[in-house]
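Q: This is the content of final.tsv (TSV, C-alpha atoms):
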```tsv
chain	number	residue	atom	x	y	z
A	24	MET	CA	18.46	-52.01	-5.13
A	25	GLU	CA	16.24	-54.76	-6.47
A	26	GLN	CA	12.66	-54.80	-5.23
A	27	ALA	CA	12.90	-58.35	-3.82
A	28	SER	CA	15.89	-57.46	-1.63
A	29	LEU	CA	13.85	-54.75	0.10
A	30	VAL	CA	11.19	-57.06	1.53
A	31	GLY	CA	13.18	-58.11	4.58
A	32	THR	CA	14.24	-54.59	5.55
A	33	VAL	CA	11.15	-52.50	4.80
A	34	LEU	CA	9.64	-52.93	8.27
A	35	ASP	CA	12.89	-51.75	9.88
A	36	GLN	CA	13.05	-48.48	7.96
A	37	PRO	CA	12.56	-45.15	9.83
A	38	LYS	CA	9.13	-43.56	9.66
A	39	PRO	CA	9.55	-40.08	8.14
A	40	ALA	CA	6.83	-37.56	8.84
A	41	VAL	CA	5.55	-36.26	5.52
A	42	TRP	CA	2.31	-34.30	5.52
A	43	ARG	CA	1.09	-32.47	8.59
A	44	SER	CA	-2.29	-30.85	9.00
A	45	SER	CA	-2.79	-27.22	9.96
A	46	SER	CA	-5.81	-25.41	11.34
A	47	VAL	CA	-6.84	-24.48	7.80
A	48	LEU	CA	-5.61	-26.74	5.03
A	49	ILE	CA	-3.41	-29.78	4.71
A	50	GLN	CA	0.10	-28.53	4.07
A	51	ALA	CA	2.18	-30.75	1.80
A	52	THR	CA	5.94	-30.62	1.39
A	53	PRO	CA	7.03	-30.49	-2.28
A	54	ALA	CA	7.23	-34.07	-3.54
A	55	GLU	CA	10.86	-33.88	-4.63
A	56	THR	CA	12.02	-33.07	-1.07
A	57	VAL	CA	10.06	-35.79	0.75
A	58	GLU	CA	11.44	-39.19	1.74
A	59	THR	CA	9.67	-42.31	0.53
A	60	GLU	CA	9.44	-45.89	1.74
A	61	TRP	CA	9.03	-49.19	-0.08
A	62	VAL	CA	6.06	-50.97	1.49
A	63	PRO	CA	4.59	-54.44	0.82
A	64	VAL	CA	1.67	-54.03	-1.60
A	65	LYS	CA	-0.50	-56.47	0.35
A	66	THR	CA	-0.36	-54.31	3.50
A	67	ILE	CA	-2.05	-51.34	1.79
A	68	LEU	CA	-5.84	-50.90	1.73
A	69	PRO	CA	-7.83	-49.28	-1.10
A	70	ALA	CA	-8.67	-45.58	-0.87
A	71	ASN	CA	-11.68	-44.02	0.77
A	72	SER	CA	-11.95	-42.26	-2.55
A	73	PRO	CA	-13.92	-39.10	-3.35
A	74	ARG	CA	-14.75	-40.79	-6.69
A	75	GLN	CA	-18.37	-41.94	-6.51
A	76	ALA	CA	-18.07	-44.04	-9.67
A	77	GLY	CA	-15.01	-45.93	-8.43
A	78	GLU	CA	-11.73	-46.42	-10.24
A	79	ASP	CA	-11.17	-46.62	-14.00
A	80	ILE	CA	-9.90	-50.13	-14.86
A	81	GLU	CA	-8.63	-49.01	-18.27
A	82	HIS	CA	-6.48	-46.34	-16.62
A	83	THR	CA	-5.15	-48.94	-14.19
A	84	ARG	CA	-4.23	-51.27	-17.08
A	85	MET	CA	-2.52	-48.42	-18.88
A	86	LEU	CA	-0.39	-47.68	-15.80
A	87	ALA	CA	0.41	-51.39	-15.41
A	88	SER	CA	1.84	-51.42	-18.95
A	89	VAL	CA	4.18	-48.47	-18.29
A	90	ASP	CA	7.83	-49.56	-18.04
A	91	GLN	CA	9.03	-46.43	-16.27
A	92	ARG	CA	8.91	-45.88	-12.50
A	93	LEU	CA	5.56	-44.44	-11.41
A	94	PRO	CA	5.30	-41.64	-8.82
A	95	PRO	CA	4.95	-42.76	-5.18
A	96	ILE	CA	1.46	-43.13	-3.74
A	97	ILE	CA	0.29	-41.34	-0.58
A	98	VAL	CA	-0.89	-43.54	2.29
A	99	HIS	CA	-2.57	-42.71	5.61
A	100	ARG	CA	-0.10	-44.20	8.08
A	101	SER	CA	-2.49	-45.14	10.90
A	102	SER	CA	-5.00	-46.94	8.66
A	103	MET	CA	-2.64	-47.93	5.78
A	104	ARG	CA	-5.38	-46.76	3.40
A	105	VAL	CA	-4.48	-45.06	0.10
A	106	ILE	CA	-5.03	-41.31	-0.01
A	107	ASP	CA	-3.73	-40.71	-3.54
A	108	GLY	CA	-2.66	-43.40	-6.00
A	109	ASN	CA	-5.40	-46.03	-6.07
A	110	HIS	CA	-4.82	-46.57	-9.80
A	111	ARG	CA	-1.08	-46.97	-9.21
A	112	LEU	CA	-1.78	-49.48	-6.44
A	113	GLY	CA	-4.08	-51.38	-8.81
A	114	ALA	CA	-1.35	-51.36	-11.45
A	115	ALA	CA	1.14	-52.81	-8.95
A	116	LEU	CA	-1.33	-55.58	-8.10
A	117	LEU	CA	-1.89	-56.34	-11.80
A	118	ARG	CA	1.87	-56.63	-12.36
A	119	GLY	CA	2.30	-58.80	-9.28
A	120	ASP	CA	4.71	-56.35	-7.60
A	121	GLU	CA	5.70	-57.16	-4.03
A	122	LEU	CA	6.52	-53.59	-3.01
A	123	ILE	CA	5.30	-50.12	-3.86
A	124	GLU	CA	6.86	-46.70	-3.18
A	125	VAL	CA	4.92	-44.73	-0.56
A	126	ARG	CA	4.82	-41.32	1.07
A	127	PHE	CA	3.05	-41.39	4.43
A	128	PHE	CA	0.54	-38.90	5.84
A	129	ASP	CA	0.17	-38.49	9.61
A	130	GLY	CA	-3.22	-37.08	10.53
A	131	SER	CA	-6.85	-37.93	11.18
A	132	GLU	CA	-9.10	-39.77	8.72
A	133	GLN	CA	-11.00	-36.52	8.07
A	134	GLU	CA	-7.74	-34.76	7.22
A	135	ALA	CA	-6.73	-37.68	5.02
A	136	PHE	CA	-9.93	-37.24	3.02
A	137	VAL	CA	-9.22	-33.53	2.57
A	138	LEU	CA	-5.74	-34.38	1.25
A	139	ALA	CA	-7.26	-36.99	-1.08
A	140	VAL	CA	-9.51	-34.34	-2.60
A	141	GLN	CA	-6.66	-31.81	-2.87
A	142	THR	CA	-4.37	-34.23	-4.67
A	143	ASN	CA	-7.05	-35.62	-6.98
A	144	ILE	CA	-8.11	-32.22	-8.32
A	145	ALA	CA	-4.49	-31.27	-9.02
A	146	HIS	CA	-3.47	-34.23	-11.19
A	147	GLY	CA	-4.46	-37.60	-12.60
A	148	LEU	CA	-8.00	-38.47	-13.64
A	149	PRO	CA	-10.11	-35.42	-12.75
A	150	LEU	CA	-12.90	-35.58	-10.21
A	151	SER	CA	-16.31	-34.91	-11.69
A	152	LEU	CA	-18.42	-31.97	-10.58
A	153	ALA	CA	-20.62	-34.42	-8.64
A	154	ASP	CA	-17.51	-35.86	-6.93
A	155	ARG	CA	-16.26	-32.41	-5.93
A	156	THR	CA	-19.70	-31.31	-4.72
A	157	ARG	CA	-20.05	-34.44	-2.58
A	158	ALA	CA	-16.51	-33.89	-1.27
A	159	ALA	CA	-17.47	-30.32	-0.30
A	160	GLU	CA	-20.45	-31.70	1.66
A	161	ARG	CA	-18.16	-34.06	3.59
A	162	ILE	CA	-15.60	-31.35	4.33
A	163	ILE	CA	-18.31	-28.94	5.50
A	164	ALA	CA	-19.53	-31.66	7.88
A	165	SER	CA	-16.03	-32.44	9.22
A	166	HIS	CA	-14.67	-28.87	9.19
A	167	PRO	CA	-17.70	-26.55	9.62
A	168	ASN	CA	-15.44	-23.69	10.75
A	169	TRP	CA	-13.59	-23.51	7.41
A	170	SER	CA	-14.60	-20.62	5.17
A	171	ASP	CA	-16.27	-21.14	1.81
A	172	ARG	CA	-13.11	-20.01	0.05
A	173	ALA	CA	-10.91	-22.36	2.05
A	174	ILE	CA	-13.12	-25.31	1.06
A	175	ALA	CA	-13.28	-24.02	-2.52
A	176	SER	CA	-9.48	-24.09	-2.74
A	177	VAL	CA	-9.53	-27.76	-1.67
A	178	THR	CA	-12.35	-28.98	-3.91
A	179	GLY	CA	-11.79	-26.93	-7.05
A	180	LEU	CA	-15.26	-25.40	-6.81
A	181	GLY	CA	-16.20	-21.73	-6.68
A	182	ALA	CA	-16.71	-20.13	-3.28
A	183	ARG	CA	-20.30	-19.29	-4.21
A	184	THR	CA	-20.95	-22.93	-5.08
A	185	VAL	CA	-19.53	-24.03	-1.74
A	186	GLY	CA	-21.78	-21.51	-0.01
A	187	ASN	CA	-24.81	-22.98	-1.77
A	188	VAL	CA	-23.71	-26.50	-0.78
A	189	ARG	CA	-23.30	-25.34	2.83
A	190	ARG	CA	-26.79	-23.85	2.92
A	191	ARG	CA	-28.31	-27.05	1.51
A	192	SER	CA	-26.31	-29.25	3.89
A	193	LEU	CA	-27.00	-27.18	7.02
A	194	GLY	CA	-30.53	-26.10	6.18
A	195	GLY	CA	-29.56	-22.45	5.87
A	196	GLY	CA	-27.79	-22.15	9.24
A	197	ASP	CA	-24.33	-22.70	10.73
A	198	GLY	CA	-25.41	-24.08	14.09
A	199	GLU	CA	-22.97	-23.03	16.81
A	200	VAL	CA	-20.32	-21.75	14.40
A	201	ARG	CA	-19.75	-18.03	14.98
A	202	ALA	CA	-16.52	-17.62	13.01
A	203	ARG	CA	-14.72	-19.31	10.15
A	204	THR	CA	-11.05	-19.88	9.35
A	205	GLY	CA	-9.91	-18.66	5.96
A	206	ARG	CA	-7.25	-19.96	3.61
A	207	ASP	CA	-4.70	-17.68	5.27
A	208	GLY	CA	-5.34	-19.19	8.72
A	209	ARG	CA	-7.06	-16.09	10.08
A	210	VAL	CA	-10.31	-16.54	12.00
A	211	ARG	CA	-13.07	-14.16	11.00
A	212	PRO	CA	-16.54	-13.79	12.54
A	213	LEU	CA	-19.53	-14.65	10.37
A	214	ASP	CA	-20.97	-11.26	11.21
A	215	ASN	CA	-18.73	-8.62	12.81
A	216	ALA	CA	-21.54	-6.12	13.35
A	217	GLU	CA	-21.48	-6.75	17.10
A	218	GLY	CA	-17.72	-6.21	17.21
A	219	ARG	CA	-18.08	-2.94	15.31
A	220	LEU	CA	-20.72	-1.73	17.75
A	221	ARG	CA	-18.48	-2.64	20.72
A	222	ALA	CA	-15.57	-0.82	19.07
A	223	SER	CA	-17.69	2.29	18.49
A	224	ALA	CA	-18.76	2.34	22.14
A	225	ILE	CA	-15.13	2.06	23.30
A	226	ILE	CA	-14.01	4.82	20.91
A	227	ARG	CA	-16.73	7.16	22.19
A	228	GLU	CA	-15.82	6.41	25.83
A	229	ARG	CA	-12.05	6.61	25.28
A	230	PRO	CA	-11.31	8.55	22.08
A	231	GLY	CA	-7.57	8.44	22.80
A	232	ALA	CA	-7.38	4.62	22.92
A	233	SER	CA	-5.06	3.03	20.34
A	234	LEU	CA	-6.34	0.90	17.46
A	235	ARG	CA	-4.83	-2.26	18.93
A	236	GLU	CA	-6.25	-1.55	22.37
A	237	VAL	CA	-9.78	-1.10	20.99
A	238	ALA	CA	-9.37	-4.09	18.67
A	239	ARG	CA	-8.33	-6.34	21.57
A	240	GLU	CA	-11.27	-5.32	23.74
A	241	ALA	CA	-13.86	-5.41	20.94
A	242	GLY	CA	-12.64	-8.66	19.41
A	243	VAL	CA	-12.10	-7.22	15.91
A	244	SER	CA	-9.08	-6.37	13.78
A	245	PRO	CA	-7.23	-3.02	13.99
A	246	SER	CA	-8.25	-2.28	10.40
A	247	THR	CA	-11.90	-2.68	11.40
A	248	VAL	CA	-11.37	-0.28	14.31
A	249	ARG	CA	-9.77	2.22	11.92
A	250	ASP	CA	-12.79	1.99	9.62
A	251	VAL	CA	-15.21	2.37	12.56
A	252	ARG	CA	-13.33	5.44	13.79
A	253	LYS	CA	-13.46	7.08	10.34
A	254	ARG	CA	-17.17	6.36	10.08
A	255	ILE	CA	-17.82	7.95	13.46
A	256	GLU	CA	-15.80	11.01	12.43
A	257	ARG	CA	-17.94	11.31	9.29
A	258	GLY	CA	-21.14	10.89	11.30
A	259	GLU	CA	-21.94	7.52	9.66
A	260	ASP	CA	-23.21	4.26	11.12
A	261	PRO	CA	-20.23	2.18	12.39
A	262	VAL	CA	-21.78	-0.88	10.70
A	263	PRO	CA	-21.98	-0.61	6.90
A	264	SER	CA	-25.46	-1.39	5.64
A	265	VAL	CA	-24.16	-4.16	3.37
A	266	ARG	CA	-22.84	-6.03	6.41
A	267	ARG	CA	-26.07	-6.03	8.35
A	268	GLY	CA	-27.56	-9.50	8.26
A	269	ARG	CA	-25.13	-10.68	5.62
A	270	GLY	CA	-23.29	-13.36	7.58
A	271	ASP	CA	-20.86	-14.02	4.73
A	272	GLY	CA	-17.91	-14.71	6.97
A	273	SER	CA	-15.28	-15.30	4.35
A	274	GLY	CA	-13.52	-11.97	4.76
A	275	VAL	CA	-11.34	-12.56	1.70
A	276	LYS	CA	-11.69	-11.04	-1.75
A	277	SER	CA	-12.25	-13.52	-4.56
A	278	PHE	CA	-9.63	-13.96	-7.22
A	279	GLY	CA	-9.24	-15.55	-10.61
A	280	VAL	CA	-11.43	-15.52	-13.71
A	281	GLY	CA	-15.07	-15.25	-12.78
A	282	GLY	CA	-14.27	-15.69	-9.08
A	283	VAL	CA	-13.59	-19.40	-9.56
A	284	GLU	CA	-11.03	-20.64	-7.09
A	285	GLY	CA	-8.95	-23.76	-6.88
A	286	PRO	CA	-5.36	-24.86	-6.50
A	287	ARG	CA	-2.78	-22.30	-7.58
A	288	LEU	CA	-1.40	-22.48	-11.09
A	289	ALA	CA	2.02	-23.83	-10.11
A	290	SER	CA	0.44	-26.67	-8.13
A	291	MET	CA	-1.89	-27.58	-10.99
A	292	LEU	CA	0.96	-27.56	-13.51
A	293	ARG	CA	3.09	-29.78	-11.26
A	294	GLY	CA	0.17	-32.17	-10.95
A	295	LEU	CA	-0.26	-32.39	-14.72
A	296	GLN	CA	3.47	-32.86	-15.19
A	297	SER	CA	3.52	-35.83	-12.78
A	298	ASP	CA	0.43	-37.52	-14.26
A	299	PRO	CA	1.64	-40.84	-15.75
A	300	SER	CA	-1.02	-40.82	-18.48
A	301	LEU	CA	0.54	-37.57	-19.76
A	302	ARG	CA	4.22	-38.15	-18.97
A	303	PHE	CA	4.49	-41.58	-20.54
A	304	THR	CA	2.57	-41.09	-23.80
A	305	GLU	CA	3.63	-39.04	-26.81
A	306	SER	CA	0.24	-37.33	-27.07
A	307	GLY	CA	0.38	-36.54	-23.35
A	308	ARG	CA	3.85	-35.01	-23.62
A	309	MET	CA	2.70	-32.92	-26.57
A	310	LEU	CA	-0.27	-31.67	-24.51
A	311	LEU	CA	2.03	-30.80	-21.60
A	312	ARG	CA	4.35	-28.83	-23.89
A	313	TRP	CA	1.35	-27.01	-25.35
A	314	ILE	CA	-0.03	-26.07	-21.92
A	315	PHE	CA	3.33	-25.04	-20.43
A	316	SER	CA	4.13	-22.83	-23.41
A	317	ARG	CA	0.85	-20.95	-22.98
A	318	ALA	CA	0.34	-20.80	-19.22
A	319	ILE	CA	1.06	-17.33	-17.80
A	320	ARG	CA	2.02	-16.90	-14.15
A	321	SER	CA	1.16	-13.72	-12.28
A	322	ASP	CA	4.82	-12.71	-11.95
A	323	GLU	CA	5.25	-13.07	-15.72
A	324	ARG	CA	2.21	-10.90	-16.36
A	325	LEU	CA	3.51	-8.14	-14.08
A	326	ASP	CA	6.90	-8.26	-15.82
A	327	VAL	CA	5.32	-7.99	-19.27
A	328	VAL	CA	3.15	-4.98	-18.40
A	329	GLY	CA	6.19	-2.77	-17.92
A	330	LYS	CA	7.84	-3.88	-21.16
A	331	VAL	CA	5.01	-3.10	-23.60
A	332	PRO	CA	5.68	0.20	-25.47
A	333	PRO	CA	2.93	2.77	-24.89
A	334	HIS	CA	1.86	2.83	-28.54
A	335	CYS	CA	1.36	-0.99	-28.49
A	336	THR	CA	-0.63	-1.28	-25.27
A	337	TYR	CA	-4.10	-1.38	-26.84
A	338	ILE	CA	-2.96	-3.97	-29.41
A	339	VAL	CA	-1.42	-6.25	-26.78
A	340	ALA	CA	-4.51	-5.76	-24.61
A	341	ASN	CA	-6.72	-6.89	-27.49
A	342	VAL	CA	-4.46	-9.89	-28.14
A	343	ALA	CA	-4.75	-10.81	-24.45
A	344	ARG	CA	-8.54	-10.56	-24.57
A	345	VAL	CA	-8.78	-12.75	-27.67
A	346	CYS	CA	-6.50	-15.37	-26.09
A	347	ALA	CA	-8.48	-15.19	-22.84
A	348	ASP	CA	-11.70	-15.75	-24.78
A	349	GLU	CA	-10.18	-18.85	-26.40
A	350	TRP	CA	-9.08	-20.21	-23.00
A	351	LEU	CA	-12.58	-19.60	-21.60
A	352	GLN	CA	-14.11	-21.38	-24.59
A	353	LEU	CA	-11.73	-24.30	-24.02
A	354	ALA	CA	-12.70	-24.38	-20.33
A	355	ASN	CA	-16.41	-24.39	-21.19
A	356	GLU	CA	-16.00	-27.21	-23.72
A	357	LEU	CA	-13.96	-29.31	-21.26
A	358	GLU	CA	-16.51	-28.80	-18.48
A	359	GLN	CA	-19.32	-29.68	-20.86
A	360	ARG	CA	-17.50	-32.86	-21.85
A	361	THR	CA	-16.98	-33.70	-18.16
A	362	ALA	CA	-20.68	-33.17	-17.43
A	363	GLU	CA	-21.69	-35.39	-20.38
A	364	THR	CA	-19.46	-38.26	-19.24
A	365	ALA	CA	-20.26	-37.96	-15.51
```
Please lay out the structure from this file as structure tokens.
A:
Amino acid sequence: MEQASLVGTVLDQPKPAVWRSSSVLIQATPAETVETEWVPVKTILPANSPRQAGEDIEHTRMLASVDQRLPPIIVHRSSMRVIDGNHRLGAALLRGDELIEVRFFDGSEQEAFVLAVQTNIAHGLPLSLADRTRAAERIIASHPNWSDRAIASVTGLGARTVGNVRRRSLGGGDGEVRARTGRDGRVRPLDNAEGRLRASAIIRERPGASLREVAREAGVSPSTVRDVRKRIERGEDPVPSVRRGRGDGSGVKSFGVGGVEGPRLASMLRGLQSDPSLRFTESGRMLLRWIFSRAIRSDERLDVVGKVPPHCTYIVANVARVCADEWLQLANELEQRTAETA
């Protein structure tokens, strides 16, 4: 259907719900399964972007010169403000397009900002370290009950960096927050020492009580009750010394190289694959082929481990270490380049 013939019917189209927020992170349906709408360009407002330096006009001009259909932009339905795709909106304005393809997000403005950060670290022009740090500050202010690792997964920062940002932002304290919600949606207390002490008192009073019964009354998890019970049986303190006064609150082990967290590999690869500056240029397509041929998913790694003959294990292990060192060197050089241009 030609773009001009859509103008009269666009306002009569159904309003599909696309992204919904959860108690932890903004959950997005895979792009290929989500309906889109054609919306008049003039009805859309610029993004409340996490980019402090604004948009890159050269990137916008490059997108405007692309003949192929660009990916849909994401728009906050209630405010009609761009969440992801400000450069694509600028390109449509430069070309004089009447309509642009849109996926709508239904949620609050704070949730829309979180989604803007999530989408902008997964594809397109990368957010600088300063942009991601400032975004972390805003998310800490709007979602103080999210764990450091949950915010790290949104901003592409390390959990330790988010913790440092939180301490600077809040002056070293969490105010009234007594628990935080992790990436898995589970709520964990900042310090469960009190819960452990309550559990130990219940266990001593009623040694036959079940784990779930004690956990429910003490306000801790059954696994914590199990650990408390074993400590009592061994004559140890029910509260491990490392937990006293720690107040970490994340309750989740770190993962990834060096503990750095961010979007999962599949999400990042999809974002790169949909980036117009890579898809629609020969050098970009070559880079995508290079990355995809060398990226290793966790399921692939587990499959390979069982296939390596015993006499070759140390050789393959050394090959893996050398390749890992090269990837780390590449990461360091890219981050240095980002810092120099920020």
Q: Could you state the separation of atom CA of Glu58 of chain A and atom CA of Arg100 of chain A in Å, given to one decimal place?
A: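 Straight-line distance from atom CA of Glu58 of chain A to atom CA of Arg100 of chain A works out to 14.1 Å.
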Q: Rank nothing, just name the residue among A:Ala164, A:Met309, A:Ile123, A:Ile144 nearest to Gly179 of chain A, using all atoms listed in the file.
A: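 Ranking A:Ala164, A:Met309, A:Ile123, A:Ile144 by distance to Gly179 of chain A, first place goes to A:Ile144.
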Q: Kindly give the distance, in Å, that separates atom CA of Val140 of chain A and atom CA of Ser321 of chain A, rounded to a single decimal.
A: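 Separation between atom CA of Val140 of chain A and atom CA of Ser321 of chain A: 25.2 Å.
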Q: Could you name the residues that touch Ser192 of chain A at 10 Å or less, counting only C-alpha atoms, but leaving out those on the same chain fewer than 6 positions away, as number ranges by chain?
A: A: 159-161, 163-164, 186
Q: Excluding Thr178 of chain A and any residue of its chain fewer than 5 positions from it, enumerate the residues within 10 Å of it, using all atoms listed in the file, and give them as a VMD selection string.
A: chain A and resid 137 to 145 150 152 154 to 159 162 172 to 173 185 284 to 286
Q: Could you work out how far atom CA of Val342 of chain A lies from atom CA of Gly294 of chain A, giving the answer in Å with one decimal?
A: 28.5 Å
Q: Considering all atoms listed in the file, state which residue in the set A:Ser170, A:Ser223, A:Asn109, A:Ser246 is at the smallest distance from Ile97 of chain A.
A: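 Checking each candidate against Ile97 of chain A, we get A:Asn109 as the closest.
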